[in-house]
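**Q** To be precise about what I am sending: the file is called structure.tsv and holds TSV, C-alpha atoms.
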chain	number	residue	atom	x	y	z
A	1	MET	CA	28.46	-72.25	24.20
A	2	ARG	CA	27.51	-74.25	27.27
A	3	VAL	CA	28.68	-77.82	27.34
A	4	ARG	CA	27.09	-80.43	29.56
A	5	PHE	CA	29.10	-83.59	30.25
A	6	ILE	CA	26.83	-86.34	31.53
A	7	GLN	CA	28.43	-89.73	32.20
A	8	SER	CA	31.25	-88.81	29.83
A	9	ALA	CA	28.88	-86.79	27.66
A	10	VAL	CA	29.34	-83.10	26.97
A	11	VAL	CA	26.34	-80.89	26.36
A	12	VAL	CA	27.12	-77.58	24.72
A	13	THR	CA	24.73	-74.66	25.16
A	14	THR	CA	24.52	-72.68	21.95
A	15	LEU	CA	22.41	-70.72	19.41
A	16	SER	CA	22.64	-69.48	15.86
A	17	LEU	CA	23.70	-65.97	14.95
A	18	ALA	CA	22.98	-64.20	11.72
A	19	GLY	CA	25.88	-62.25	10.22
A	20	ALA	CA	25.26	-58.57	10.79
A	21	ALA	CA	27.15	-55.62	9.40
A	22	SER	CA	28.31	-54.66	12.91
A	23	ALA	CA	29.48	-58.17	13.72
A	24	HIS	CA	33.11	-59.26	13.80
A	25	PHE	CA	32.66	-63.01	14.09
A	26	ASP	CA	29.80	-65.39	14.57
A	27	LEU	CA	30.08	-68.79	16.18
A	28	LYS	CA	28.43	-71.13	13.69
A	29	ALA	CA	29.23	-74.48	15.30
A	30	PRO	CA	28.52	-75.46	17.89
A	31	LEU	CA	25.69	-72.98	18.13
A	32	PRO	CA	26.40	-70.12	20.58
A	33	SER	CA	24.73	-69.65	23.95
A	34	THR	CA	23.32	-66.26	23.00
A	35	THR	CA	20.71	-64.89	20.67
A	36	SER	CA	22.78	-61.77	19.96
A	37	THR	CA	23.98	-60.81	16.50
A	38	ASN	CA	26.55	-58.40	17.92
A	39	GLY	CA	29.51	-60.35	16.57
A	40	GLY	CA	31.16	-61.11	19.88
A	41	LYS	CA	31.23	-57.52	21.12
A	42	GLY	CA	30.68	-57.41	24.84
A	43	ALA	CA	32.15	-58.13	28.23
A	44	ALA	CA	34.18	-61.18	29.15
A	45	PRO	CA	33.82	-64.04	29.34
A	46	CYS	CA	31.13	-64.48	26.68
A	47	GLY	CA	30.48	-61.19	24.93
A	48	PRO	CA	26.82	-60.60	24.17
A	49	ASP	CA	24.84	-62.81	26.51
A	50	ALA	CA	21.10	-62.94	25.96
A	51	SER	CA	20.95	-66.65	26.74
A	52	SER	CA	19.25	-68.96	24.29
A	53	ALA	CA	19.25	-71.97	26.65
A	54	VAL	CA	20.36	-74.16	23.73
A	55	ILE	CA	22.48	-77.08	24.91
A	56	THR	CA	24.56	-79.17	22.52
A	57	PRO	CA	25.26	-82.69	23.82
A	58	VAL	CA	28.74	-84.02	23.13
A	59	MET	CA	30.72	-86.92	24.58
A	60	GLY	CA	33.64	-86.19	26.90
A	61	GLY	CA	36.91	-87.21	25.25
A	62	SER	CA	35.46	-86.81	21.77
A	63	GLN	CA	36.17	-84.21	19.11
A	64	ILE	CA	33.88	-81.34	18.26
A	65	ALA	CA	34.03	-79.09	15.20
A	66	VAL	CA	34.30	-75.41	16.06
A	67	THR	CA	33.39	-73.13	13.15
A	68	VAL	CA	33.53	-69.35	13.16
A	69	ASN	CA	32.48	-66.93	10.46
A	70	GLU	CA	34.62	-63.79	10.45
A	71	THR	CA	32.32	-61.07	9.17
A	72	VAL	CA	34.69	-58.12	9.62
A	73	TYR	CA	38.32	-58.78	8.68
A	74	HIS	CA	41.07	-58.15	11.22
A	75	PRO	CA	44.48	-59.80	11.25
A	76	GLY	CA	44.76	-61.97	14.33
A	77	HIS	CA	43.88	-65.38	15.70
A	78	TYR	CA	41.43	-67.26	17.93
A	79	ARG	CA	41.59	-69.14	21.22
A	80	ILE	CA	39.23	-71.81	22.57
A	81	ALA	CA	38.84	-72.52	26.30
A	82	LEU	CA	36.53	-74.66	28.42
A	83	SER	CA	35.08	-74.05	31.87
A	84	ILE	CA	33.92	-77.11	33.81
A	85	ASN	CA	31.97	-75.75	36.78
A	86	SER	CA	31.20	-72.10	36.09
A	87	ARG	CA	31.86	-69.35	33.55
A	88	ASP	CA	33.85	-67.67	36.36
A	89	GLU	CA	36.69	-70.09	35.44
A	90	ILE	CA	37.09	-68.34	32.06
A	91	ASP	CA	36.19	-64.81	33.22
A	92	PRO	CA	39.32	-62.66	33.59
A	93	SER	CA	37.44	-60.27	35.88
A	94	LYS	CA	36.85	-63.04	38.47
A	95	PRO	CA	39.45	-64.20	41.02
A	96	GLY	CA	41.24	-67.21	39.57
A	97	GLY	CA	39.59	-66.68	36.17
A	98	LEU	CA	41.46	-67.37	32.93
A	99	GLN	CA	43.33	-64.26	31.89
A	100	GLU	CA	43.09	-63.05	28.30
A	101	PRO	CA	46.35	-63.10	26.32
A	102	VAL	CA	48.78	-60.23	26.93
A	103	VAL	CA	48.46	-57.72	24.09
A	104	LYS	CA	51.68	-56.15	22.77
A	105	ASN	CA	52.78	-53.13	20.73
A	106	MET	CA	55.38	-52.96	17.92
A	107	GLN	CA	58.22	-53.10	20.44
A	108	GLY	CA	56.77	-56.28	21.98
A	109	MET	CA	55.80	-54.44	25.18
A	110	PRO	CA	52.46	-55.13	26.92
A	111	ILE	CA	49.83	-52.47	26.24
A	112	MET	CA	46.32	-51.61	27.35
A	113	THR	CA	45.75	-48.70	24.96
A	114	GLY	CA	46.72	-47.97	21.37
A	115	ASN	CA	46.83	-50.31	18.40
A	116	SER	CA	47.77	-53.93	19.01
A	117	VAL	CA	50.40	-55.88	17.07
A	118	SER	CA	50.41	-59.27	18.76
A	119	ALA	CA	49.07	-61.26	21.72
A	120	ASP	CA	50.57	-64.12	23.69
A	121	ILE	CA	49.68	-67.62	22.48
A	122	GLN	CA	49.78	-70.65	24.76
A	123	ASN	CA	51.85	-73.26	22.93
A	124	PRO	CA	51.20	-75.86	24.08
A	125	PRO	CA	47.83	-74.79	25.48
A	126	VAL	CA	47.29	-75.25	29.23
A	127	PHE	CA	43.81	-76.21	30.45
A	128	PRO	CA	41.31	-74.53	30.48
A	129	VAL	CA	42.71	-73.40	27.10
A	130	LEU	CA	42.09	-76.18	24.56
A	131	ALA	CA	43.56	-74.45	21.48
A	132	ASP	CA	45.32	-71.13	20.96
A	133	GLY	CA	46.65	-69.26	17.94
A	134	ILE	CA	44.20	-71.04	15.63
A	135	PHE	CA	42.83	-69.54	12.42
A	136	ALA	CA	45.85	-67.17	12.43
A	137	HIS	CA	45.75	-64.82	9.47
A	138	THR	CA	47.36	-61.54	8.41
A	139	ALA	CA	45.45	-60.95	5.18
A	140	GLU	CA	41.82	-61.25	4.19
A	141	SER	CA	41.06	-64.92	3.92
A	142	PRO	CA	38.08	-67.26	3.78
A	143	THR	CA	35.45	-66.02	6.17
A	144	ASP	CA	34.67	-69.48	7.61
A	145	PHE	CA	37.26	-71.29	9.72
A	146	THR	CA	36.79	-74.78	11.22
A	147	GLN	CA	38.97	-76.61	13.75
A	148	MET	CA	38.39	-80.00	15.37
A	149	ILE	CA	38.85	-79.69	19.14
A	150	THR	CA	39.35	-82.67	21.45
A	151	LEU	CA	37.33	-82.25	24.63
A	152	PRO	CA	38.65	-83.50	27.96
A	153	ASN	CA	37.16	-86.77	29.17
A	154	VAL	CA	35.20	-85.29	32.09
A	155	ASN	CA	31.61	-85.18	33.28
A	156	CYS	CA	29.96	-81.81	33.84
A	157	ASP	CA	26.54	-80.21	33.74
A	158	LYS	CA	27.65	-76.59	33.37
A	159	CYS	CA	30.57	-76.66	30.97
A	160	THR	CA	31.03	-73.63	28.74
A	161	LEU	CA	33.14	-73.54	25.60
A	162	GLN	CA	34.56	-70.06	24.96
A	163	VAL	CA	35.86	-68.77	21.61
A	164	ILE	CA	37.72	-65.45	21.62
A	165	GLU	CA	39.11	-63.53	18.67
A	166	PHE	CA	42.28	-61.46	19.11
A	167	MET	CA	42.45	-58.55	16.65
A	168	ALA	CA	45.83	-57.15	15.65
A	169	ASP	CA	46.17	-53.60	14.30
A	170	HIS	CA	43.17	-52.68	16.44
A	171	SER	CA	42.52	-50.31	19.32
A	172	PRO	CA	40.71	-51.57	22.45
A	173	PRO	CA	38.77	-53.74	22.72
A	174	TYR	CA	41.32	-56.24	21.39
A	175	PHE	CA	39.07	-59.27	21.89
A	176	TYR	CA	35.59	-60.37	20.84
A	177	ARG	CA	34.00	-63.44	22.37
A	178	HIS	CA	31.28	-66.05	22.11
A	179	CYS	CA	30.38	-69.01	24.32
Take the structure in the file and give it back as structure tokens.

**A**
Amino acid sequence: MRVRFIQSAVVVTTLSLAGAASAHFDLKAPLPSTTSTNGGKGAAPCGPDASSAVITPVMGGSQIAVTVNETVYHPGHYRIALSINSRDEIDPSKPGGLQEPVVKNMQGMPIMTGNSVSADIQNPPVFPVLADGIFAHTAESPTDFTQMITLPNVNCDKCTLQVIEFMADHSPPYFYRHC
């Protein structure tokens, strides 16, 4: 979701996604910045990205409800991050971009292949991460999760709120994403 902060206002770019059988999670609120129904499958930082040009205005320093609908169960958790100037700030493939959590195997060793067991959680979160380890679950649970997130009190025209899902007991890709 894109967020635009104007004179302490945040504007979040988003769109609605219908739950599809191939989806893993849909960003229900704020509306995502894509028109895809691919459930967050796709490249970092924002997964499927057929831009909708929807912008959600929010006030810097205020709280915003983030709601996801998990359409395919996987044990795991979610992380929320915010870029201020460019999506490059939350793109792990870009120099200086926010790196995705380190994924580990049963022995707690970092892995890039094979089934995942856990992933690092920032506790406390360090900006640009606003929340990490949220909606943690190890068994099938309600499909909708909501968390109030406090936005930083900044002004920006090109802010992007990123929501990523870490999936445990899963082979690569370990993460799905929406913005």

**Q** Tell me, in Å to one decimal, how far atom CA of A:Asn155 is from atom CA of A:Ala29.

**A**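 Here the two named atoms are 21.1 Å from each other.
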
**Q** If you count only C-alpha atoms, which residues fall within 12 Å of stretch 137-148 of chain A, apart from same-chain ones fewer than 5 positions away, as number ranges by chain?

**A** A: 19, 24-30, 62-80, 117-118, 130-132, 163, 165-169

**Q** If I take atom CA of A:Ala119 and atom CA of A:Thr150, how far is one from the other in Å, to one decimal?

**A**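 Rounded to one decimal, the two atoms are 23.5 Å apart.
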
**Q** Hey, what's within 8 Å of stretch 91-96 of chain A if we count all atoms listed in the file and toss same-chain stuff fewer than 4 positions away? As JSON, numbers by chain, please?

**A** {"A": [44, 45, 87, 100]}

**Q** From the set A:Val103, A:Gln122, A:Ile134, A:Val154, which residue has the shortest atom-to-atom contact distance to A:His170, counting all atoms listed in the file?

**A**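 Of all the options, A:Val103 lies closest to A:His170.
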
**Q** Mind pulling up the distance from atom CA of A:Ala43 to atom CA of A:Leu161?

**A**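 Interatomic distance, atom CA of A:Leu161 to atom CA of A:Ala43: 15.7 Å.
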